[in-house]
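Taking it in order: structure first as C-alpha cells, then the write-up.
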Amino acid sequence: MEPLKHECGVAMIRLLKPLSYYEQKYGTWRYGLDKLYLMMEKQHNRGQEGAGVACVNLDAPAGEEYMFRERSEGKDAITEVFSRIDTSFAGNLYMGHLRYSTTGKRGLQYVHPFLRRNNWRAKNLCLCGNFNMTNIDEVFHLLTSQGQSPRILGDSYITLELMGHRLDREVERLYHEAREKGLEGIQITNYIDTHVEMGNVLRSTMPHFDGGYVMCGLTGSGEMFAMRDPWGIRPAFWYQDDELVVVASERPVLQTTFDLPTEAIVELQPGQSLIVRKSGEVHLQQILPAAKTSSCSFERIYFSRGSDQSIYQERKRLGEQLTPAIMAAIGGDVAHTVFSYIPNTAEVAFYGMTDGVRRLNHEVRIEKVVWKDIKLRTFIVEGPERNDLAAHVYDITYGSLVPYEDNLVIIDDSIVRGTTLKESIFKILDRLHPKKIVMVSSSPQIRYPDYYGIDMAHLEELCAFRAAMALVKERGMHKLISDIYHACKTKPLAANHVRKIYAPFTVEELNCNIVEMLRPKGMQASVSLVFQSIEGLHKACPGYAGDWYFTGHYPTPGGIRMVNHAFVSYVEETLKMQL
C-alpha cells in the first residue's frame, strides 16, 4: 500500500570459457550480456531509480580499453543502458546493479557501479552493492587519518576508496614479491595480475564497516568477488557450472535465467565471500566470523519475488496464522464477511488467510474490492490538492458488498505511515458502506526505522510510534520522554532506549490509537486493526530472525546508535524540547 523503497539488486557473471565458445554454442557474442540483462530485469522490483553495468575484457591488448561502464537514471534505466552497449562491451566478466536510494540522494553520480581507475590493470576497481553502512563517519575519519582526502562523504564512495586503498597495498606487496623472485618489467605485471588475493583486500577492509551489505566487485586484472555481511542481513545467491559463475540477490532470478532447480542454487553465507580468480578458479572464503544471524525478514514478507518456493509458502503461512484474530474481530460471522486484499504484494498472504478460514469449515466470500488503478503524478501539486489526487490512486469495485450488512476483511503486507489508509483506502472503502472494516497486516507493527538498506520512514513518521507518543502524552507520562532522551543522549550504544516508549502499552491499545489517528473525518464504518505477532512472524519465516523494525533488536552497534540519535532529533526538532 505504501511502497517501501528498499534495498538494491546485484547481478554478476563470470564466463569461464573463451568468448568464441559462447558465440559458437549460442550463436552470439552477447551471451553474457543477454544473461545479465535477464538477471537485472528479473530484479527490477529491487531498484527503479537507476541501473548500471560494468564489463572487463581479459583479452584486450595494451593501449585498448579493457574495463567498461554504462549507467542511467530512471525506471527505464535498464533498457537505456543496454541500448547503448555495442561490441566494445564484449568481455569475460559482467556486473550489474539496480538502485534504490536509501539516502535521498539523486543523480547519475550516485548510480552504481563505481569505478576507480589506474594504469595498472590490477589497481582498477569497479564496485557495486546492496548495502547501507551505519558508521561511514568513522570510516571517513580512518581515511583522513591516513592522509587521504576523499571528495565525497557517502558510503558508496568511501567504501570504494577504502577498498581501493587496500587493493593498492596488495598490488605493492606482489610487486616486491616479484622483484624478490628476480622478475622484471612485464614479468612483474603478469605476476601481479595472476596472484592478486582479493581475500587479503576484503579482510583488511570489511571489518571497518557496520551495516547490512552484499558487496560486489571486479578488478581490471580479472578478479571477481561478492561478499555478504556477517549478520546475513542482505541476501545473495550463486551458481557455478563449467561455463560460468553467477551471483544475484534472489534465488528465483538464477533459476529462471539459467533454468535451474532450487537445489542447484547456493546461498552465500554470512561473512563469506565468493572469489573468482583471473584463472577462473572459484573459492569460498570466510572473511569475517559469522555473527548472530539476522537475515532480513522483510525480504520474506515483501521485498523478494514471491516466485521463490520458500517465500511463497511463508507468505501463505503469514496470512493463515492471522485467522483466529480475524475471526475474533468479525465475531465469527463469516457468512456476512467479504475477504479481499490490497493489490498487489499482499495477494499470497490473502490466499493463506482464506485457506485458514476454510479449514474452519466455512465458505469464504472473496471479492477484488480494491484496484490500484493508476499511478498519478501527485508531485506536481502541493497541499490539499495533492491529498485529493492521492485519494484516487486506488479504486473500488462497487456492489461487491451488501451495504450495512457485510463486514470487510482486507489484508496488506504492512502498515508503515498510515497515510494511504487515511487519505485514500478508508475513504473509498467507506463508500461501499461496510458494517465493519477489519484492516489486516501480514507483518507486525513497524515501530522502528531500518538502517541497513531499506528506505523506511523516519521514526516520527511511523504510525505505531506516533500512537505510542500520543498515549504517553494523554496519560501524562512526560517523564518517560525525558528519561529516554537522556539515556539516548548519554548512552547511545548501551541499548535501544527507544523500546521503552512502547513498554507501557499493549498491542491492542496501540491499535486503537492508530485507528483514531487514521480514521478520516466523517467515516461511518467501524474499523479494527489486526497485526501479525512477532511469534507468528518467526513461525512463518524460520531462519529469518532480522526483526529490528518490529522489535527494536538491531543486530549491530550502528543500528542502535542511529535509532537513539533519531529519538534525540525527534525530541529536539519535532517536540522542540531541550531536556
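Letters A, B, ... mark the chains of the C-alpha cells in the order given; residue numbers begin at 1 per chain; ligand numbers begin at 1, in order shown.
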
Handout entry: Per-residue DSSP, stretch 27-115 of chain A, filtered to strand (DSSP E), as a ChimeraX atom specification
Key = /A:50-56,67-73,93-99,114-115

Selection: 10 Å around stretch 89-91 of chain A, only C-alpha atoms, excl. self and same-chain fewer than 3 positions, as a compact mmCIF listing (two decimals) with N, CA, C and O atoms, in the first residue's frame:
# COMPACT_ATOMS: atom_id res chain seq x y z
N ARG A 14 30.61 -14.44 -14.50
CA ARG A 14 31.99 -14.70 -14.94
C ARG A 14 31.94 -15.85 -15.93
O ARG A 14 31.57 -16.98 -15.58
N LEU A 15 32.28 -15.56 -17.19
CA LEU A 15 32.34 -16.59 -18.22
C LEU A 15 33.66 -17.35 -18.06
O LEU A 15 34.73 -16.75 -18.00
N PRO A 18 36.56 -19.36 -23.32
CA PRO A 18 36.84 -18.26 -24.26
C PRO A 18 35.55 -17.75 -24.89
O PRO A 18 34.57 -18.50 -25.05
N LEU A 19 35.54 -16.47 -25.27
CA LEU A 19 34.34 -15.87 -25.85
C LEU A 19 33.89 -16.60 -27.11
O LEU A 19 32.69 -16.67 -27.40
N TRP A 29 27.84 -13.22 -29.62
CA TRP A 29 28.88 -12.75 -28.70
C TRP A 29 28.26 -12.14 -27.45
O TRP A 29 28.93 -11.95 -26.44
N ARG A 30 26.93 -11.87 -27.51
CA ARG A 30 26.24 -11.20 -26.40
C ARG A 30 25.70 -12.17 -25.35
O ARG A 30 24.91 -11.76 -24.50
N TYR A 31 26.12 -13.42 -25.37
CA TYR A 31 25.55 -14.40 -24.45
C TYR A 31 25.60 -13.90 -22.99
O TYR A 31 24.60 -13.89 -22.28
N GLY A 32 26.77 -13.47 -22.55
CA GLY A 32 26.92 -13.00 -21.18
C GLY A 32 26.08 -11.77 -20.90
O GLY A 32 25.43 -11.65 -19.85
N LEU A 33 26.07 -10.84 -21.85
CA LEU A 33 25.29 -9.61 -21.69
C LEU A 33 23.79 -9.91 -21.65
O LEU A 33 23.04 -9.32 -20.86
N VAL A 53 25.90 -1.08 -15.49
CA VAL A 53 26.59 -2.32 -15.77
C VAL A 53 28.07 -2.03 -15.97
O VAL A 53 28.47 -0.91 -16.35
N ALA A 54 28.88 -3.05 -15.73
CA ALA A 54 30.33 -2.95 -15.94
C ALA A 54 30.81 -4.23 -16.59
O ALA A 54 30.19 -5.29 -16.46
N CYS A 55 31.95 -4.14 -17.28
CA CYS A 55 32.50 -5.27 -18.02
C CYS A 55 34.02 -5.21 -17.99
O CYS A 55 34.60 -4.11 -18.02
N VAL A 56 34.66 -6.36 -17.93
CA VAL A 56 36.11 -6.47 -18.06
C VAL A 56 36.43 -7.45 -19.17
O VAL A 56 35.91 -8.58 -19.18
N ASN A 57 37.27 -7.01 -20.10
CA ASN A 57 37.72 -7.84 -21.21
C ASN A 57 39.16 -8.26 -20.94
O ASN A 57 40.08 -7.45 -21.02
N LEU A 58 39.35 -9.53 -20.63
CA LEU A 58 40.69 -10.02 -20.29
C LEU A 58 41.61 -10.14 -21.50
O LEU A 58 42.83 -10.24 -21.34
N ASP A 59 41.03 -10.10 -22.71
CA ASP A 59 41.83 -10.29 -23.93
C ASP A 59 42.25 -8.99 -24.58
O ASP A 59 42.96 -9.02 -25.60
N ALA A 60 41.84 -7.85 -24.02
CA ALA A 60 42.18 -6.56 -24.64
C ALA A 60 43.68 -6.30 -24.53
O ALA A 60 44.26 -6.41 -23.44
N GLU A 65 40.95 -0.09 -24.44
CA GLU A 65 40.13 -0.14 -23.23
C GLU A 65 39.79 -1.58 -22.87
O GLU A 65 39.51 -2.40 -23.73
N TYR A 66 39.83 -1.89 -21.59
CA TYR A 66 39.52 -3.24 -21.14
C TYR A 66 38.50 -3.26 -20.01
O TYR A 66 38.05 -4.31 -19.58
N MET A 67 38.10 -2.09 -19.53
CA MET A 67 37.12 -2.01 -18.44
C MET A 67 36.07 -0.97 -18.81
O MET A 67 36.40 0.20 -19.05
N PHE A 68 34.83 -1.39 -18.89
CA PHE A 68 33.77 -0.53 -19.40
C PHE A 68 32.67 -0.36 -18.36
O PHE A 68 32.45 -1.23 -17.52
N ARG A 69 31.96 0.76 -18.47
CA ARG A 69 30.85 1.00 -17.56
C ARG A 69 29.80 1.85 -18.27
O ARG A 69 30.11 2.79 -19.01
N GLU A 70 28.52 1.52 -18.04
CA GLU A 70 27.40 2.33 -18.52
C GLU A 70 26.40 2.47 -17.38
O GLU A 70 26.12 1.50 -16.66
N ARG A 84 22.65 1.21 -25.28
CA ARG A 84 23.88 1.93 -25.62
C ARG A 84 25.09 1.00 -25.74
O ARG A 84 26.18 1.45 -26.09
N ILE A 85 24.90 -0.27 -25.43
CA ILE A 85 26.02 -1.21 -25.43
C ILE A 85 26.25 -1.78 -26.82
O ILE A 85 25.31 -2.23 -27.48
N ASP A 86 27.53 -1.76 -27.25
CA ASP A 86 27.87 -2.33 -28.56
C ASP A 86 28.96 -3.39 -28.37
O ASP A 86 29.19 -3.88 -27.27
N TYR A 94 31.06 -9.64 -16.11
CA TYR A 94 29.99 -8.65 -16.16
C TYR A 94 29.41 -8.44 -14.77
O TYR A 94 29.29 -9.37 -13.98

Exercise for the section: Identify all residues of stretch 110-166 of chain A in alpha helix (DSSP H) (DSSP on the backbone) and supply them as a ChimeraX atom specification. Expected result: /A:136-145,155-166

Store the residues picked out above, limited to C-alpha atoms, as a short mmCIF file (atom, residue, chain, number, x, y, z; two decimals), in the first residue's frame.
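Writing done, so here's again28.cif:
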data_model
loop_
_atom_site.label_atom_id
_atom_site.label_comp_id
_atom_site.auth_asym_id
_atom_site.auth_seq_id
_atom_site.Cartn_x
_atom_site.Cartn_y
_atom_site.Cartn_z
CA ILE A 136 30.51 5.90 7.46
CA ASP A 137 31.74 8.88 9.52
CA GLU A 138 34.15 6.57 11.35
CA VAL A 139 35.49 5.12 8.09
CA PHE A 140 35.85 8.64 6.68
CA HIS A 141 37.96 9.54 9.72
CA LEU A 142 40.05 6.43 9.17
CA LEU A 143 40.84 7.51 5.61
CA THR A 144 41.64 11.10 6.52
CA SER A 145 43.85 9.98 9.41
CA ASP A 155 29.04 5.11 1.94
CA SER A 156 29.41 4.00 -1.71
CA TYR A 157 32.31 6.35 -2.41
CA ILE A 158 34.05 5.79 0.92
CA THR A 159 33.76 2.02 0.53
CA LEU A 160 35.34 2.28 -2.92
CA GLU A 161 38.20 4.44 -1.65
CA LEU A 162 38.99 2.25 1.35
CA MET A 163 38.88 -0.93 -0.69
CA GLY A 164 40.85 0.70 -3.49
CA HIS A 165 43.49 1.76 -1.00
CA ARG A 166 43.84 -1.81 0.28
#

Problem - Distance in Å - atom CA of A:Arg300 versus atom CA of A:Arg359 - result: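 Going from atom CA of A:Arg300 over to atom CA of A:Arg359 covers 24.1 Å.
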
Problem - Selected residue, from A:Leu518, A:Ile437, A:Ile78, A:Met198, that lies nearest to A:Glu170 when counting only C-alpha atoms - result: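 Result for the nearest residue to A:Glu170: A:Met198.
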
Closest atom pairs, residues of stretch 214-286 of chain A within 12 Å of stretch 453-461 of chain A, only C-alpha atoms, as a Markdown table:
| residue | atom | partner | partner_atom | distance |
| --- | --- | --- | --- | --- |
| A:Val214 | CA | A:Gly453 | CA | 10.4 |
| A:Ile233 | CA | A:Gly453 | CA | 9.3 |
| A:Arg234 | CA | A:Gly453 | CA | 8.3 |
| A:Pro235 | CA | A:Gly453 | CA | 11.5 |

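With distances restricted to only C-alpha atoms, A:Ala495 is the closest residue to A:Arg561 from A:Ala495, A:Ile534, A:Met577, A:Val10.
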
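The shortest atom-to-atom distance to A:Asp242, with only C-alpha atoms taken into account, belongs to A:Leu16 out of A:Leu16, A:Arg151, A:Gly271, A:Lys427.
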
Exercise for the section: Mind checking which residues fall within 10 Å of A:Asp308, counting only C-alpha atoms, ignoring those fewer than 6 positions away in the same chain, and posting them as a list in words? Expected result: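 Everything that qualifies: Glu250, Arg251, Pro252, Val253, Gln255, Thr262, Arg300 and Glu314 of chain A.
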